[in-house]
Amino acid sequence: MENIELTVRVMPSGDEVTIELDAYTSGKEIKTELIDQDIAPSRDNQGAPIPYKLISKSTNETIEDHKTLADMQISEGDTLFMIPDMVAG
């Protein structure tokens, strides 16, 4: 297993956390871990679940739930943005 250290910026608060993850961690696993650790809220003010997307700062690509950090060529020291995937309505 190859661990890499990343910075994740949770939006819209802008809070940053440094985490160490296995290179074969999936996008879904990253989001779940951050929500489980109360780094990102799981529900909005009305109690509805908040869907998130992960975006690599260096490539500006979305990390799909089934893709791993290795699949997306995310490397040591990279920054990810965890952004609520909300639809205005």
# chains A, B, ... in the order shown; residues from 1 in each chain; ligands from 1
$ residues_around --residues "region 31-34 of chain A" --least-positions-apart "4" --cutoff "8 Å" --atoms "only C-alpha atoms" --output "list in words"
Gly27, Asp38, Ile39, Ala40, Tyr52, Leu54 and Met82 of chain A
$ residues_around --residues "Glu5 (chain A)" --least-positions-apart "5" --cutoff "10 Å" --atoms "only C-alpha atoms" --output "list in words"
Thr18, Ile19, Glu20, Leu21, Asp22, Ala23, Ser75, Glu76, Gly77, Asp78 and Thr79 of chain A
$ write_last_selection --atoms "N, CA and C atoms" --output "PDB file, in the first residue's frame"
ATOM      1  N   THR A  18      -5.617  18.207   6.379  1.00  0.00           N
ATOM      2  CA  THR A  18      -4.604  17.372   5.746  1.00  0.00           C
ATOM      3  C   THR A  18      -4.878  15.936   6.147  1.00  0.00           C
ATOM      4  N   ILE A  19      -4.962  15.068   5.151  1.00  0.00           N
ATOM      5  CA  ILE A  19      -5.250  13.658   5.423  1.00  0.00           C
ATOM      6  C   ILE A  19      -4.241  12.780   4.706  1.00  0.00           C
ATOM      7  N   GLU A  20      -4.037  11.590   5.252  1.00  0.00           N
ATOM      8  CA  GLU A  20      -3.174  10.604   4.617  1.00  0.00           C
ATOM      9  C   GLU A  20      -4.050   9.426   4.218  1.00  0.00           C
ATOM     10  N   LEU A  21      -4.002   9.085   2.947  1.00  0.00           N
ATOM     11  CA  LEU A  21      -4.858   8.036   2.394  1.00  0.00           C
ATOM     12  C   LEU A  21      -4.049   7.094   1.530  1.00  0.00           C
ATOM     13  N   ASP A  22      -4.553   5.874   1.411  1.00  0.00           N
ATOM     14  CA  ASP A  22      -3.991   4.918   0.481  1.00  0.00           C
ATOM     15  C   ASP A  22      -4.271   5.411  -0.941  1.00  0.00           C
ATOM     16  N   ALA A  23      -3.346   5.204  -1.841  1.00  0.00           N
ATOM     17  CA  ALA A  23      -3.508   5.650  -3.233  1.00  0.00           C
ATOM     18  C   ALA A  23      -4.699   4.988  -3.921  1.00  0.00           C
ATOM     19  N   SER A  75      -1.354  12.894  -6.514  1.00  0.00           N
ATOM     20  CA  SER A  75      -0.085  12.554  -5.877  1.00  0.00           C
ATOM     21  C   SER A  75       0.128  13.339  -4.587  1.00  0.00           C
ATOM     22  N   GLU A  76       1.173  12.976  -3.888  1.00  0.00           N
ATOM     23  CA  GLU A  76       1.557  13.576  -2.616  1.00  0.00           C
ATOM     24  C   GLU A  76       1.513  15.101  -2.695  1.00  0.00           C
ATOM     25  N   GLY A  77       0.834  15.719  -1.712  1.00  0.00           N
ATOM     26  CA  GLY A  77       0.799  17.167  -1.624  1.00  0.00           C
ATOM     27  C   GLY A  77      -0.298  17.843  -2.434  1.00  0.00           C
ATOM     28  N   ASP A  78      -1.047  17.077  -3.231  1.00  0.00           N
ATOM     29  CA  ASP A  78      -2.121  17.680  -4.029  1.00  0.00           C
ATOM     30  C   ASP A  78      -3.243  18.191  -3.125  1.00  0.00           C
ATOM     31  N   THR A  79      -4.046  19.087  -3.672  1.00  0.00           N
ATOM     32  CA  THR A  79      -5.206  19.624  -2.967  1.00  0.00           C
ATOM     33  C   THR A  79      -6.463  19.189  -3.698  1.00  0.00           C
TER      34      THR A  79
END
$ closest_residue --among "A:Val17, A:Thr62, A:Pro49, A:Met11" --to "Pro84 (chain A)" --atoms "only C-alpha atoms"
A:Met11
$ closest_residue --among "A:Asp85, A:Ile74, A:Ile30, A:Leu80" --to "Lys57 (chain A)" --atoms "only C-alpha atoms"
A:Leu80
$ select_by_dssp --residues "chain A" --states "strand (DSSP E)" --output "PyMOL selection string"
chain A and resi 3-10+15-22+52-56+62-63+79-84
$ residues_around --residues "Val10 (chain A)" --least-positions-apart "3" --cutoff "7 Å" --atoms "only C-alpha atoms" --output "ChimeraX atom specification"
/A:13-16,40,81-83
$ atom_distance --atom1 "CA of Gln73 (chain A)" --atom2 "CA of Ser42 (chain A)"
27.2 Å
$ residues_around --residues "Lys28 (chain A)" --least-positions-apart "4" --cutoff "8 Å" --atoms "only C-alpha atoms" --output "list in words"
Thr32, Glu64, Asp65 and His66 of chain A
$ write_last_selection --atoms "N, CA, C and O atoms" --output "PDB file, in the first residue's frame"
ATOM      1  N   THR A  32     -17.053   9.875   2.278  1.00  0.00           N
ATOM      2  CA  THR A  32     -17.643   9.220   3.449  1.00  0.00           C
ATOM      3  C   THR A  32     -16.793   9.450   4.691  1.00  0.00           C
ATOM      4  O   THR A  32     -17.308   9.773   5.765  1.00  0.00           O
ATOM      5  N   GLU A  64     -14.607  10.836  -9.668  1.00  0.00           N
ATOM      6  CA  GLU A  64     -15.859  10.084  -9.587  1.00  0.00           C
ATOM      7  C   GLU A  64     -15.803   9.122  -8.404  1.00  0.00           C
ATOM      8  O   GLU A  64     -14.728   8.718  -7.965  1.00  0.00           O
ATOM      9  N   ASP A  65     -16.998   8.748  -7.899  1.00  0.00           N
ATOM     10  CA  ASP A  65     -17.077   7.880  -6.726  1.00  0.00           C
ATOM     11  C   ASP A  65     -16.297   6.572  -6.883  1.00  0.00           C
ATOM     12  O   ASP A  65     -15.695   6.092  -5.930  1.00  0.00           O
ATOM     13  N   HIS A  66     -16.310   5.994  -8.075  1.00  0.00           N
ATOM     14  CA  HIS A  66     -15.683   4.688  -8.283  1.00  0.00           C
ATOM     15  C   HIS A  66     -14.192   4.772  -8.651  1.00  0.00           C
ATOM     16  O   HIS A  66     -13.502   3.772  -8.682  1.00  0.00           O
TER      17      HIS A  66
END
$ closest_residue --among "A:Ser26, A:Arg43, A:Lys53, A:Gln37" --to "Lys67 (chain A)" --atoms "only C-alpha atoms"
A:Ser26
$ select_by_dssp --residues "chain A" --states "helix (DSSP H, G or I)" --output "list in words"
Gly27, Lys28, Glu29, Ile30, Lys31, Thr32, Glu33, Leu34, Ile35 and Asp36 of chain A
$ closest_residue --among "A:Asn60, A:Gly47, A:Glu29, A:Leu69" --to "Asn3 (chain A)" --atoms "only C-alpha atoms"
A:Leu69
$ decode --residues "region 4-19 of chain A" --atoms "all heavy atoms" --output "PDB file, in the first residue's frame"
ATOM      1  N   ILE A   4      -0.498   8.510   0.552  1.00  0.00           N
ATOM      2  CA  ILE A   4      -0.162   9.854   0.104  1.00  0.00           C
ATOM      3  C   ILE A   4      -0.872  10.852   1.009  1.00  0.00           C
ATOM      4  O   ILE A   4      -1.969  10.605   1.493  1.00  0.00           O
ATOM      5  CB  ILE A   4      -0.517  10.090  -1.374  1.00  0.00           C
ATOM      6  CG1 ILE A   4      -1.984   9.791  -1.665  1.00  0.00           C
ATOM      7  CG2 ILE A   4       0.356   9.280  -2.288  1.00  0.00           C
ATOM      8  CD1 ILE A   4      -2.403  10.098  -3.083  1.00  0.00           C
ATOM      9  N   GLU A   5      -0.210  11.976   1.237  1.00  0.00           N
ATOM     10  CA  GLU A   5      -0.784  13.030   2.063  1.00  0.00           C
ATOM     11  C   GLU A   5      -1.383  14.092   1.156  1.00  0.00           C
ATOM     12  O   GLU A   5      -0.724  14.560   0.229  1.00  0.00           O
ATOM     13  CB  GLU A   5       0.294  13.634   2.954  1.00  0.00           C
ATOM     14  CG  GLU A   5      -0.262  14.561   4.009  1.00  0.00           C
ATOM     15  CD  GLU A   5       0.798  14.988   4.993  1.00  0.00           C
ATOM     16  OE1 GLU A   5       1.120  14.208   5.917  1.00  0.00           O
ATOM     17  OE2 GLU A   5       1.311  16.113   4.820  1.00  0.00           O
ATOM     18  N   LEU A   6      -2.638  14.445   1.439  1.00  0.00           N
ATOM     19  CA  LEU A   6      -3.376  15.411   0.634  1.00  0.00           C
ATOM     20  C   LEU A   6      -3.978  16.487   1.518  1.00  0.00           C
ATOM     21  O   LEU A   6      -4.218  16.264   2.701  1.00  0.00           O
ATOM     22  CB  LEU A   6      -4.540  14.730  -0.094  1.00  0.00           C
ATOM     23  CG  LEU A   6      -4.241  13.548  -0.979  1.00  0.00           C
ATOM     24  CD1 LEU A   6      -5.526  12.851  -1.368  1.00  0.00           C
ATOM     25  CD2 LEU A   6      -3.486  14.006  -2.197  1.00  0.00           C
ATOM     26  N   THR A   7      -4.272  17.621   0.920  1.00  0.00           N
ATOM     27  CA  THR A   7      -5.053  18.653   1.582  1.00  0.00           C
ATOM     28  C   THR A   7      -6.431  18.639   0.944  1.00  0.00           C
ATOM     29  O   THR A   7      -6.557  18.588  -0.279  1.00  0.00           O
ATOM     30  CB  THR A   7      -4.413  20.041   1.395  1.00  0.00           C
ATOM     31  OG1 THR A   7      -3.115  20.016   1.981  1.00  0.00           O
ATOM     32  CG2 THR A   7      -5.242  21.131   2.045  1.00  0.00           C
ATOM     33  N   VAL A   8      -7.462  18.656   1.781  1.00  0.00           N
ATOM     34  CA  VAL A   8      -8.829  18.739   1.276  1.00  0.00           C
ATOM     35  C   VAL A   8      -9.434  20.034   1.801  1.00  0.00           C
ATOM     36  O   VAL A   8      -9.412  20.293   2.999  1.00  0.00           O
ATOM     37  CB  VAL A   8      -9.685  17.533   1.716  1.00  0.00           C
ATOM     38  CG1 VAL A   8     -11.112  17.674   1.184  1.00  0.00           C
ATOM     39  CG2 VAL A   8      -9.072  16.226   1.241  1.00  0.00           C
ATOM     40  N   ARG A   9      -9.936  20.852   0.890  1.00  0.00           N
ATOM     41  CA  ARG A   9     -10.617  22.091   1.256  1.00  0.00           C
ATOM     42  C   ARG A   9     -12.118  21.854   1.091  1.00  0.00           C
ATOM     43  O   ARG A   9     -12.597  21.572  -0.004  1.00  0.00           O
ATOM     44  CB  ARG A   9     -10.168  23.250   0.372  1.00  0.00           C
ATOM     45  CG  ARG A   9     -10.778  24.581   0.822  1.00  0.00           C
ATOM     46  CD  ARG A   9     -10.254  25.743   0.024  1.00  0.00           C
ATOM     47  NE  ARG A   9      -8.804  25.841   0.212  1.00  0.00           N
ATOM     48  CZ  ARG A   9      -8.000  26.477  -0.623  1.00  0.00           C
ATOM     49  NH1 ARG A   9      -8.478  27.055  -1.700  1.00  0.00           N
ATOM     50  NH2 ARG A   9      -6.712  26.532  -0.397  1.00  0.00           N
ATOM     51  N   VAL A  10     -12.842  21.949   2.207  1.00  0.00           N
ATOM     52  CA  VAL A  10     -14.289  21.716   2.207  1.00  0.00           C
ATOM     53  C   VAL A  10     -14.986  23.047   1.961  1.00  0.00           C
ATOM     54  O   VAL A  10     -14.774  24.018   2.677  1.00  0.00           O
ATOM     55  CB  VAL A  10     -14.743  21.104   3.550  1.00  0.00           C
ATOM     56  CG1 VAL A  10     -16.249  20.863   3.546  1.00  0.00           C
ATOM     57  CG2 VAL A  10     -13.993  19.795   3.823  1.00  0.00           C
ATOM     58  N   MET A  11     -15.793  23.081   0.932  1.00  0.00           N
ATOM     59  CA  MET A  11     -16.511  24.300   0.568  1.00  0.00           C
ATOM     60  C   MET A  11     -17.962  24.190   1.053  1.00  0.00           C
ATOM     61  O   MET A  11     -18.465  23.098   1.191  1.00  0.00           O
ATOM     62  CB  MET A  11     -16.473  24.490  -0.949  1.00  0.00           C
ATOM     63  CG  MET A  11     -15.056  24.537  -1.510  1.00  0.00           C
ATOM     64  SD  MET A  11     -13.949  25.696  -0.737  1.00  0.00           S
ATOM     65  CE  MET A  11     -14.460  27.199  -1.518  1.00  0.00           C
ATOM     66  N   PRO A  12     -18.670  25.234   1.348  1.00  0.00           N
ATOM     67  CA  PRO A  12     -18.282  26.621   1.129  1.00  0.00           C
ATOM     68  C   PRO A  12     -17.498  27.233   2.296  1.00  0.00           C
ATOM     69  O   PRO A  12     -17.068  28.379   2.209  1.00  0.00           O
ATOM     70  CB  PRO A  12     -19.627  27.332   0.961  1.00  0.00           C
ATOM     71  CG  PRO A  12     -20.557  26.563   1.827  1.00  0.00           C
ATOM     72  CD  PRO A  12     -20.081  25.128   1.726  1.00  0.00           C
ATOM     73  N   SER A  13     -17.286  26.484   3.376  1.00  0.00           N
ATOM     74  CA  SER A  13     -16.620  27.063   4.552  1.00  0.00           C
ATOM     75  C   SER A  13     -15.156  27.400   4.291  1.00  0.00           C
ATOM     76  O   SER A  13     -14.595  28.295   4.904  1.00  0.00           O
ATOM     77  CB  SER A  13     -16.703  26.099   5.734  1.00  0.00           C
ATOM     78  OG  SER A  13     -15.902  24.952   5.498  1.00  0.00           O
ATOM     79  N   GLY A  14     -14.513  26.642   3.396  1.00  0.00           N
ATOM     80  CA  GLY A  14     -13.106  26.860   3.114  1.00  0.00           C
ATOM     81  C   GLY A  14     -12.182  26.180   4.112  1.00  0.00           C
ATOM     82  O   GLY A  14     -10.967  26.336   4.033  1.00  0.00           O
ATOM     83  N   ASP A  15     -12.754  25.427   5.065  1.00  0.00           N
ATOM     84  CA  ASP A  15     -11.930  24.699   6.029  1.00  0.00           C
ATOM     85  C   ASP A  15     -11.028  23.716   5.306  1.00  0.00           C
ATOM     86  O   ASP A  15     -11.446  23.058   4.349  1.00  0.00           O
ATOM     87  CB  ASP A  15     -12.813  23.923   7.016  1.00  0.00           C
ATOM     88  CG  ASP A  15     -13.605  24.829   7.939  1.00  0.00           C
ATOM     89  OD1 ASP A  15     -13.245  26.014   8.068  1.00  0.00           O
ATOM     90  OD2 ASP A  15     -14.586  24.346   8.534  1.00  0.00           O
ATOM     91  N   GLU A  16      -9.778  23.650   5.753  1.00  0.00           N
ATOM     92  CA  GLU A  16      -8.822  22.724   5.145  1.00  0.00           C
ATOM     93  C   GLU A  16      -8.389  21.687   6.159  1.00  0.00           C
ATOM     94  O   GLU A  16      -8.227  21.987   7.338  1.00  0.00           O
ATOM     95  CB  GLU A  16      -7.583  23.462   4.647  1.00  0.00           C
ATOM     96  CG  GLU A  16      -7.804  24.224   3.388  1.00  0.00           C
ATOM     97  CD  GLU A  16      -6.509  24.776   2.809  1.00  0.00           C
ATOM     98  OE1 GLU A  16      -5.426  24.600   3.390  1.00  0.00           O
ATOM     99  OE2 GLU A  16      -6.599  25.379   1.732  1.00  0.00           O
ATOM    100  N   VAL A  17      -8.207  20.469   5.672  1.00  0.00           N
ATOM    101  CA  VAL A  17      -7.718  19.385   6.500  1.00  0.00           C
ATOM    102  C   VAL A  17      -6.667  18.625   5.699  1.00  0.00           C
ATOM    103  O   VAL A  17      -6.789  18.479   4.486  1.00  0.00           O
ATOM    104  CB  VAL A  17      -8.878  18.459   6.950  1.00  0.00           C
ATOM    105  CG1 VAL A  17      -9.563  17.799   5.773  1.00  0.00           C
ATOM    106  CG2 VAL A  17      -8.390  17.424   7.936  1.00  0.00           C
ATOM    107  N   THR A  18      -5.617  18.207   6.379  1.00  0.00           N
ATOM    108  CA  THR A  18      -4.604  17.372   5.746  1.00  0.00           C
ATOM    109  C   THR A  18      -4.878  15.936   6.147  1.00  0.00           C
ATOM    110  O   THR A  18      -5.047  15.642   7.335  1.00  0.00           O
ATOM    111  CB  THR A  18      -3.193  17.798   6.197  1.00  0.00           C
ATOM    112  OG1 THR A  18      -2.999  19.164   5.828  1.00  0.00           O
ATOM    113  CG2 THR A  18      -2.123  16.943   5.546  1.00  0.00           C
ATOM    114  N   ILE A  19      -4.962  15.068   5.151  1.00  0.00           N
ATOM    115  CA  ILE A  19      -5.250  13.658   5.423  1.00  0.00           C
ATOM    116  C   ILE A  19      -4.241  12.780   4.706  1.00  0.00           C
ATOM    117  O   ILE A  19      -3.671  13.171   3.692  1.00  0.00           O
ATOM    118  CB  ILE A  19      -6.692  13.273   4.997  1.00  0.00           C
ATOM    119  CG1 ILE A  19      -6.946  13.591   3.514  1.00  0.00           C
ATOM    120  CG2 ILE A  19      -7.717  13.962   5.856  1.00  0.00           C
ATOM    121  CD1 ILE A  19      -8.283  13.114   2.995  1.00  0.00           C
TER     122      ILE A  19
END
